[in-house]
Every structure is written in C-alpha cells, then in structure tokens.
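**Q** Okay, so here is target.pdb, and as you'll see once you scroll down, it has PDB, N, CA and C atoms.
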ATOM      1  N   MET A1121       1.371   3.047 -35.221
ATOM      2  CA  MET A1121       1.506   3.264 -33.807
ATOM      3  C   MET A1121       2.680   2.440 -33.304
ATOM      4  N   ILE A1122       3.439   2.980 -32.382
ATOM      5  CA  ILE A1122       4.610   2.304 -31.838
ATOM      6  C   ILE A1122       4.256   1.737 -30.473
ATOM      7  N   TYR A1123       4.576   0.466 -30.258
ATOM      8  CA  TYR A1123       4.314  -0.208 -28.996
ATOM      9  C   TYR A1123       5.632  -0.632 -28.361
ATOM     10  N   SER A1124       5.689  -0.650 -27.044
ATOM     11  CA  SER A1124       6.859  -1.188 -26.357
ATOM     12  C   SER A1124       6.751  -2.713 -26.330
ATOM     13  N   ASN A1125       7.846  -3.382 -26.028
ATOM     14  CA  ASN A1125       7.872  -4.841 -26.060
ATOM     15  C   ASN A1125       6.967  -5.488 -25.030
ATOM     16  N   ASP A1126       6.688  -4.813 -23.929
ATOM     17  CA  ASP A1126       5.848  -5.415 -22.893
ATOM     18  C   ASP A1126       4.376  -5.001 -22.992
ATOM     19  N   ASP A1127       4.013  -4.321 -24.057
ATOM     20  CA  ASP A1127       2.626  -3.902 -24.264
ATOM     21  C   ASP A1127       1.814  -5.074 -24.818
ATOM     22  N   PRO A1128       0.683  -5.435 -24.180
ATOM     23  CA  PRO A1128      -0.114  -6.566 -24.673
ATOM     24  C   PRO A1128      -0.737  -6.324 -26.047
ATOM     25  N   LEU A1129      -0.865  -5.079 -26.461
ATOM     26  CA  LEU A1129      -1.448  -4.792 -27.770
ATOM     27  C   LEU A1129      -0.433  -4.925 -28.900
ATOM     28  N   ALA A1130       0.862  -5.078 -28.558
ATOM     29  CA  ALA A1130       1.888  -5.191 -29.595
ATOM     30  C   ALA A1130       1.677  -6.446 -30.433
ATOM     31  N   LEU A1131       1.383  -7.562 -29.793
ATOM     32  CA  LEU A1131       1.156  -8.807 -30.523
ATOM     33  C   LEU A1131      -0.060  -8.690 -31.435
ATOM     34  N   LEU A1132      -1.119  -8.093 -30.941
ATOM     35  CA  LEU A1132      -2.319  -7.905 -31.747
ATOM     36  C   LEU A1132      -2.027  -7.027 -32.969
ATOM     37  N   ALA A1133      -1.278  -5.960 -32.773
ATOM     38  CA  ALA A1133      -0.949  -5.077 -33.892
ATOM     39  C   ALA A1133      -0.099  -5.797 -34.933
ATOM     40  N   MET A1134       0.857  -6.605 -34.486
ATOM     41  CA  MET A1134       1.696  -7.343 -35.436
ATOM     42  C   MET A1134       0.884  -8.363 -36.226
ATOM     43  N   GLU A1135      -0.024  -9.058 -35.570
ATOM     44  CA  GLU A1135      -0.847 -10.049 -36.257
ATOM     45  C   GLU A1135      -1.810  -9.401 -37.236
ATOM     46  N   GLU A1136      -2.379  -8.268 -36.864
ATOM     47  CA  GLU A1136      -3.273  -7.562 -37.784
ATOM     48  C   GLU A1136      -2.521  -7.106 -39.028
ATOM     49  N   GLU A1137      -1.299  -6.617 -38.866
ATOM     50  CA  GLU A1137      -0.496  -6.211 -40.019
ATOM     51  C   GLU A1137      -0.089  -7.416 -40.859
ATOM     52  N   ARG A1138       0.277  -8.513 -40.208
ATOM     53  CA  ARG A1138       0.731  -9.706 -40.924
ATOM     54  C   ARG A1138      -0.380 -10.320 -41.751
ATOM     55  N   THR A1139      -1.585 -10.410 -41.190
ATOM     56  CA  THR A1139      -2.689 -11.071 -41.868
ATOM     57  C   THR A1139      -3.521 -10.127 -42.730
ATOM     58  N   GLY A1140      -3.293  -8.835 -42.596
ATOM     59  CA  GLY A1140      -4.091  -7.877 -43.372
ATOM     60  C   GLY A1140      -5.548  -7.903 -42.967
ATOM     61  N   PHE A1141      -5.818  -8.122 -41.691
ATOM     62  CA  PHE A1141      -7.168  -8.176 -41.135
ATOM     63  C   PHE A1141      -7.994  -9.324 -41.723
ATOM     64  N   TYR A1142      -7.320 -10.401 -42.126
ATOM     65  CA  TYR A1142      -8.026 -11.567 -42.655
ATOM     66  C   TYR A1142      -8.935 -12.138 -41.583
ATOM     67  N   GLY A1143     -10.183 -12.440 -41.921
ATOM     68  CA  GLY A1143     -11.128 -13.013 -40.971
ATOM     69  C   GLY A1143     -11.799 -11.984 -40.087
ATOM     70  N   ASP A1144     -11.740 -10.729 -40.452
ATOM     71  CA  ASP A1144     -12.370  -9.675 -39.674
ATOM     72  C   ASP A1144     -13.873  -9.697 -39.940
ATOM     73  N   LEU A1145     -14.593 -10.519 -39.183
ATOM     74  CA  LEU A1145     -16.022 -10.711 -39.428
ATOM     75  C   LEU A1145     -16.887  -9.624 -38.819
ATOM     76  N   TYR A1146     -16.389  -8.957 -37.803
ATOM     77  CA  TYR A1146     -17.240  -8.044 -37.058
ATOM     78  C   TYR A1146     -16.970  -6.580 -37.354
ATOM     79  N   GLY A1147     -16.108  -6.294 -38.297
ATOM     80  CA  GLY A1147     -15.852  -4.904 -38.660
ATOM     81  C   GLY A1147     -15.149  -4.128 -37.578
ATOM     82  N   GLU A1148     -14.256  -4.771 -36.819
ATOM     83  CA  GLU A1148     -13.586  -4.085 -35.728
ATOM     84  C   GLU A1148     -12.673  -2.975 -36.224
ATOM     85  N   ARG A1149     -12.218  -3.056 -37.464
ATOM     86  CA  ARG A1149     -11.389  -1.977 -38.008
ATOM     87  C   ARG A1149     -12.175  -0.692 -38.097
ATOM     88  N   ASP A1150     -13.472  -0.788 -38.397
ATOM     89  CA  ASP A1150     -14.306   0.388 -38.566
ATOM     90  C   ASP A1150     -14.823   0.939 -37.245
ATOM     91  N   ALA A1151     -14.698   0.174 -36.187
ATOM     92  CA  ALA A1151     -15.181   0.607 -34.880
ATOM     93  C   ALA A1151     -14.259   1.690 -34.333
ATOM     94  N   ALA A1152     -14.830   2.604 -33.563
ATOM     95  CA  ALA A1152     -14.032   3.654 -32.943
ATOM     96  C   ALA A1152     -13.149   3.038 -31.863
ATOM     97  N   ARG A1153     -11.846   3.334 -31.917
ATOM     98  CA  ARG A1153     -10.897   2.805 -30.942
ATOM     99  C   ARG A1153     -10.181   3.949 -30.250
ATOM    100  N   CYS A1154      -9.896   3.762 -28.990
ATOM    101  CA  CYS A1154      -9.125   4.737 -28.227
ATOM    102  C   CYS A1154      -7.678   4.690 -28.704
ATOM    103  N   PRO A1155      -7.078   5.824 -29.061
ATOM    104  CA  PRO A1155      -5.688   5.813 -29.520
ATOM    105  C   PRO A1155      -4.686   5.551 -28.399
ATOM    106  N   VAL A1156      -5.104   5.631 -27.152
ATOM    107  CA  VAL A1156      -4.192   5.414 -26.025
ATOM    108  C   VAL A1156      -4.154   3.949 -25.620
ATOM    109  N   CYS A1157      -5.319   3.345 -25.358
ATOM    110  CA  CYS A1157      -5.340   1.963 -24.865
ATOM    111  C   CYS A1157      -5.876   0.968 -25.887
ATOM    112  N   GLY A1158      -6.518   1.438 -26.961
ATOM    113  CA  GLY A1158      -7.022   0.549 -27.993
ATOM    114  C   GLY A1158      -8.387  -0.053 -27.710
ATOM    115  N   ALA A1159      -9.092   0.444 -26.707
ATOM    116  CA  ALA A1159     -10.419  -0.069 -26.381
ATOM    117  C   ALA A1159     -11.391   0.221 -27.526
ATOM    118  N   TYR A1160     -12.253  -0.746 -27.834
ATOM    119  CA  TYR A1160     -13.242  -0.575 -28.893
ATOM    120  C   TYR A1160     -14.460   0.166 -28.375
ATOM    121  N   GLU A1161     -14.831   1.216 -29.069
ATOM    122  CA  GLU A1161     -16.022   2.020 -28.797
ATOM    123  C   GLU A1161     -16.213   2.361 -27.322
ATOM    124  N   PRO A1162     -15.271   3.119 -26.720
ATOM    125  CA  PRO A1162     -15.457   3.528 -25.325
ATOM    126  C   PRO A1162     -16.610   4.515 -25.196
ATOM    127  N   GLU A1163     -17.103   4.643 -23.995
ATOM    128  CA  GLU A1163     -18.241   5.526 -23.756
ATOM    129  C   GLU A1163     -17.857   7.004 -23.893
ATOM    130  N   TYR A1164     -16.677   7.389 -23.368
ATOM    131  CA  TYR A1164     -16.212   8.773 -23.411
ATOM    132  C   TYR A1164     -14.757   8.836 -23.843
ATOM    133  N   TYR A1165     -14.373   9.954 -24.455
ATOM    134  CA  TYR A1165     -12.980  10.290 -24.737
ATOM    135  C   TYR A1165     -12.640  11.544 -23.940
ATOM    136  N   TYR A1166     -11.411  11.631 -23.451
ATOM    137  CA  TYR A1166     -10.952  12.804 -22.726
ATOM    138  C   TYR A1166      -9.902  13.517 -23.571
ATOM    139  N   LEU A1167     -10.130  14.810 -23.834
ATOM    140  CA  LEU A1167      -9.250  15.607 -24.681
ATOM    141  C   LEU A1167      -8.641  16.741 -23.866
ATOM    142  N   ASP A1168      -7.427  17.154 -24.248
ATOM    143  CA  ASP A1168      -6.821  18.311 -23.601
ATOM    144  C   ASP A1168      -7.210  19.579 -24.371
ATOM    145  N   ASP A1169      -6.609  20.705 -24.015
ATOM    146  CA  ASP A1169      -6.949  21.983 -24.648
ATOM    147  C   ASP A1169      -6.568  22.040 -26.118
ATOM    148  N   ASP A1170      -5.611  21.211 -26.533
ATOM    149  CA  ASP A1170      -5.177  21.180 -27.924
ATOM    150  C   ASP A1170      -5.943  20.156 -28.752
ATOM    151  N   GLU A1171      -7.049  19.623 -28.208
ATOM    152  CA  GLU A1171      -7.883  18.620 -28.875
ATOM    153  C   GLU A1171      -7.139  17.303 -29.124
ATOM    154  N   GLU A1172      -6.128  16.990 -28.303
ATOM    155  CA  GLU A1172      -5.437  15.714 -28.392
ATOM    156  C   GLU A1172      -6.028  14.768 -27.356
ATOM    157  N   CYS A1173      -6.154  13.511 -27.720
ATOM    158  CA  CYS A1173      -6.792  12.531 -26.844
ATOM    159  C   CYS A1173      -5.855  12.141 -25.706
ATOM    160  N   LEU A1174      -6.364  12.233 -24.466
ATOM    161  CA  LEU A1174      -5.615  11.821 -23.286
ATOM    162  C   LEU A1174      -5.962  10.400 -22.870
ATOM    163  N   GLY A1175      -7.092   9.891 -23.333
ATOM    164  CA  GLY A1175      -7.546   8.557 -22.983
ATOM    165  C   GLY A1175      -9.051   8.458 -23.133
ATOM    166  N   CYS A1176      -9.602   7.365 -22.629
ATOM    167  CA  CYS A1176     -11.043   7.146 -22.737
ATOM    168  C   CYS A1176     -11.598   6.701 -21.384
ATOM    169  N   SER A1177     -12.874   6.390 -21.371
ATOM    170  CA  SER A1177     -13.510   5.957 -20.124
ATOM    171  C   SER A1177     -12.981   4.614 -19.639
ATOM    172  N   GLU A1178     -12.258   3.876 -20.484
ATOM    173  CA  GLU A1178     -11.691   2.590 -20.094
ATOM    174  C   GLU A1178     -10.317   2.732 -19.449
ATOM    175  N   CYS A1179      -9.527   3.729 -19.857
ATOM    176  CA  CYS A1179      -8.142   3.795 -19.375
ATOM    177  C   CYS A1179      -7.867   4.994 -18.468
ATOM    178  N   VAL A1180      -8.783   5.940 -18.349
ATOM    179  CA  VAL A1180      -8.609   7.096 -17.472
ATOM    180  C   VAL A1180      -9.638   6.999 -16.364
ATOM    181  N   TYR A1181      -9.200   7.228 -15.140
ATOM    182  CA  TYR A1181     -10.134   7.165 -14.020
ATOM    183  C   TYR A1181      -9.919   8.337 -13.080
ATOM    184  N   LYS A1182     -10.907   8.590 -12.257
ATOM    185  CA  LYS A1182     -10.892   9.728 -11.340
ATOM    186  C   LYS A1182     -10.395   9.271  -9.974
ATOM    187  N   THR A1183      -9.523  10.072  -9.365
ATOM    188  CA  THR A1183      -9.018   9.761  -8.036
ATOM    189  C   THR A1183      -8.886  11.055  -7.245
ATOM    190  N   ASP A1184      -8.935  10.948  -5.934
ATOM    191  CA  ASP A1184      -8.783  12.137  -5.093
ATOM    192  C   ASP A1184      -7.383  12.226  -4.483
ATOM    193  N   VAL A1185      -6.496  11.297  -4.839
ATOM    194  CA  VAL A1185      -5.135  11.278  -4.325
ATOM    195  C   VAL A1185      -4.149  11.411  -5.482
ATOM    196  N   LEU A1186      -3.232  12.346  -5.383
ATOM    197  CA  LEU A1186      -2.211  12.510  -6.399
ATOM    198  C   LEU A1186      -0.991  11.680  -6.006
ATOM    199  N   PHE A1187      -0.556  10.781  -6.852
ATOM    200  CA  PHE A1187       0.567   9.931  -6.475
ATOM    201  C   PHE A1187       1.847  10.679  -6.655
TER     202      PHE A1187
END
Step by step, read the file and then write its structure as structure tokens.

**A**
Amino acid sequence: MIYSNDDPLALLAMEEERTGFYGDLYGERDAARCPVCGAYEPEYYYLDDDEECLGCSECVYKTDVLF
C-alpha cells in the first residue's frame, strides 16, 4: 500500500515492514482491516457496484449536506 508523507499510518507501515511484525502478541495481522483507513475490525464495510471497498464504519459517515 502506498502512503503519502503526511499520513499517520505511514510510520506504522514502515515499522511493521522493518521489524517483520516482531512482538505481534495480539494477532493484529490476522484481524480484518479496512483498506482505506486501516481500522481494525470495523463494524461495517461500504462497497461500490464493482465490489471495491469505499471505506468502513470508522472512516465513512452520513451527512445531509454536500460540500
């Protein structure tokens, strides 16, 4: 996955690659993660018509105003 320099998950991804998941006591690698925001085991995933993930219940929200 490619991250921009100001993404807070970039540091986490670099450390996980550097250490090879050393000290992974809780099995977070095996947990379901949102491909958009990286949240662990979200309640819902939102998919488009092509079955591609648009986000999860952590990073997508409902609004009545279009910006």

**Q** Please give the centre and size of the box around segment 1155-1168 of chain A (axis-aligned, containing every atom listed in the file, 4 Å added per side), with values in Å to one decimal and written as lines of an AutoDock Vina configuration file.

**A**
center_x = -11.2
center_y = 9.4
center_z = -26.1
size_x = 22.1
size_y = 28.3
size_z = 14.8

**Q** I need the residue set behind the PyMOL selection byres ((chain A and resi 1162) around 8) for this file; please write it as a PyMOL selection string.

**A** chain A and resi 1151-1154+1158-1161+1163-1165+1176-1178

**Q** Within 8 Å of Cys1173 of chain A, counting only C-alpha atoms, which residues show up once you throw out same-chain ones fewer than 5 positions away? Write them as a ChimeraX atom specification, please.

**A** /A:1155-1156,1165-1168

**Q** Hey, can you check how far atom C of Leu1186 of chain A sits from atom N of Asp1169 of chain A?

**A**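 The value is 20.9 Å.
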
**Q** Which value, in Å to one decimal, gives the distance between atom N of Cys1157 of chain A and atom C of Pro1128 of chain A?

**A**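 Interatomic distance, atom N of Cys1157 of chain A to atom C of Pro1128 of chain A: 10.7 Å.
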
**Q** What's the separation between atom CA of Asn1125 of chain A and atom N of Tyr1181 of chain A, in Å to one decimal place?

**A**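 Atom N of Tyr1181 of chain A lies 23.6 Å from atom CA of Asn1125 of chain A.
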
**Q** Would you save segment 1146-1185 of chain A to a file, keeping N, CA and C atoms, as a compact mmCIF listing (two decimals), in the first residue's frame?

**A**
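Written file, decode00.txt:
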# COMPACT_ATOMS: atom_id res chain seq x y z
N TYR A 1146 -0.90 -9.85 19.69
CA TYR A 1146 -2.35 -9.92 19.65
C TYR A 1146 -2.90 -10.37 18.30
N GLY A 1147 -2.04 -10.74 17.39
CA GLY A 1147 -2.51 -11.23 16.10
C GLY A 1147 -3.17 -10.17 15.26
N GLU A 1148 -2.70 -8.92 15.34
CA GLU A 1148 -3.32 -7.84 14.59
C GLU A 1148 -3.17 -8.03 13.09
N ARG A 1149 -2.17 -8.77 12.65
CA ARG A 1149 -2.03 -9.03 11.22
C ARG A 1149 -3.19 -9.83 10.70
N ASP A 1150 -3.72 -10.74 11.52
CA ASP A 1150 -4.81 -11.61 11.10
C ASP A 1150 -6.17 -10.94 11.22
N ALA A 1151 -6.24 -9.83 11.92
CA ALA A 1151 -7.51 -9.14 12.12
C ALA A 1151 -7.92 -8.46 10.82
N ALA A 1152 -9.22 -8.36 10.60
CA ALA A 1152 -9.73 -7.69 9.41
C ALA A 1152 -9.45 -6.19 9.53
N ARG A 1153 -8.84 -5.61 8.50
CA ARG A 1153 -8.52 -4.19 8.49
C ARG A 1153 -9.17 -3.52 7.29
N CYS A 1154 -9.60 -2.30 7.48
CA CYS A 1154 -10.16 -1.51 6.40
C CYS A 1154 -9.02 -1.11 5.46
N PRO A 1155 -9.15 -1.35 4.15
CA PRO A 1155 -8.08 -0.98 3.23
C PRO A 1155 -7.97 0.53 3.01
N VAL A 1156 -8.95 1.29 3.43
CA VAL A 1156 -8.93 2.75 3.23
C VAL A 1156 -8.26 3.45 4.40
N CYS A 1157 -8.73 3.18 5.63
CA CYS A 1157 -8.19 3.91 6.79
C CYS A 1157 -7.34 3.03 7.71
N GLY A 1158 -7.39 1.70 7.55
CA GLY A 1158 -6.58 0.81 8.36
C GLY A 1158 -7.18 0.46 9.71
N ALA A 1159 -8.44 0.78 9.94
CA ALA A 1159 -9.09 0.46 11.21
C ALA A 1159 -9.18 -1.06 11.38
N TYR A 1160 -8.94 -1.54 12.60
CA TYR A 1160 -9.02 -2.97 12.89
C TYR A 1160 -10.46 -3.37 13.16
N GLU A 1161 -10.91 -4.39 12.46
CA GLU A 1161 -12.23 -5.00 12.63
C GLU A 1161 -13.36 -3.99 12.74
N PRO A 1162 -13.60 -3.18 11.69
CA PRO A 1162 -14.73 -2.25 11.73
C PRO A 1162 -16.06 -2.99 11.71
N GLU A 1163 -17.09 -2.31 12.12
CA GLU A 1163 -18.41 -2.94 12.19
C GLU A 1163 -18.99 -3.20 10.79
N TYR A 1164 -18.82 -2.24 9.86
CA TYR A 1164 -19.35 -2.36 8.51
C TYR A 1164 -18.30 -1.95 7.49
N TYR A 1165 -18.40 -2.51 6.28
CA TYR A 1165 -17.63 -2.08 5.12
C TYR A 1165 -18.63 -1.55 4.09
N TYR A 1166 -18.24 -0.52 3.35
CA TYR A 1166 -19.07 0.03 2.29
C TYR A 1166 -18.41 -0.27 0.95
N LEU A 1167 -19.17 -0.91 0.05
CA LEU A 1167 -18.66 -1.32 -1.25
C LEU A 1167 -19.43 -0.61 -2.35
N ASP A 1168 -18.76 -0.37 -3.49
CA ASP A 1168 -19.45 0.20 -4.63
C ASP A 1168 -20.00 -0.94 -5.50
N ASP A 1169 -20.52 -0.60 -6.67
CA ASP A 1169 -21.12 -1.60 -7.56
C ASP A 1169 -20.11 -2.60 -8.10
N ASP A 1170 -18.83 -2.23 -8.12
CA ASP A 1170 -17.79 -3.12 -8.61
C ASP A 1170 -17.16 -3.95 -7.50
N GLU A 1171 -17.79 -3.97 -6.31
CA GLU A 1171 -17.31 -4.72 -5.15
C GLU A 1171 -15.96 -4.20 -4.64
N GLU A 1172 -15.64 -2.92 -4.87
CA GLU A 1172 -14.43 -2.32 -4.34
C GLU A 1172 -14.80 -1.57 -3.06
N CYS A 1173 -13.92 -1.63 -2.08
CA CYS A 1173 -14.20 -1.02 -0.78
C CYS A 1173 -14.06 0.50 -0.86
N LEU A 1174 -15.10 1.21 -0.40
CA LEU A 1174 -15.08 2.66 -0.33
C LEU A 1174 -14.67 3.16 1.05
N GLY A 1175 -14.77 2.30 2.05
CA GLY A 1175 -14.43 2.66 3.42
C GLY A 1175 -15.16 1.76 4.39
N CYS A 1176 -15.12 2.14 5.66
CA CYS A 1176 -15.76 1.34 6.70
C CYS A 1176 -16.58 2.24 7.62
N SER A 1177 -17.14 1.65 8.65
CA SER A 1177 -17.95 2.42 9.59
C SER A 1177 -17.12 3.42 10.38
N GLU A 1178 -15.79 3.30 10.35
CA GLU A 1178 -14.91 4.23 11.06
C GLU A 1178 -14.56 5.45 10.22
N CYS A 1179 -14.47 5.30 8.90
CA CYS A 1179 -13.97 6.42 8.08
C CYS A 1179 -15.03 7.01 7.15
N VAL A 1180 -16.19 6.39 7.01
CA VAL A 1180 -17.26 6.92 6.17
C VAL A 1180 -18.42 7.29 7.07
N TYR A 1181 -18.99 8.46 6.84
CA TYR A 1181 -20.11 8.88 7.66
C TYR A 1181 -21.21 9.48 6.80
N LYS A 1182 -22.39 9.56 7.36
CA LYS A 1182 -23.57 10.03 6.63
C LYS A 1182 -23.78 11.51 6.92
N THR A 1183 -24.08 12.28 5.88
CA THR A 1183 -24.35 13.70 6.04
C THR A 1183 -25.48 14.10 5.10
N ASP A 1184 -26.18 15.16 5.45
CA ASP A 1184 -27.27 15.64 4.59
C ASP A 1184 -26.85 16.86 3.77
N VAL A 1185 -25.58 17.27 3.87
CA VAL A 1185 -25.07 18.42 3.14
C VAL A 1185 -23.93 17.97 2.23
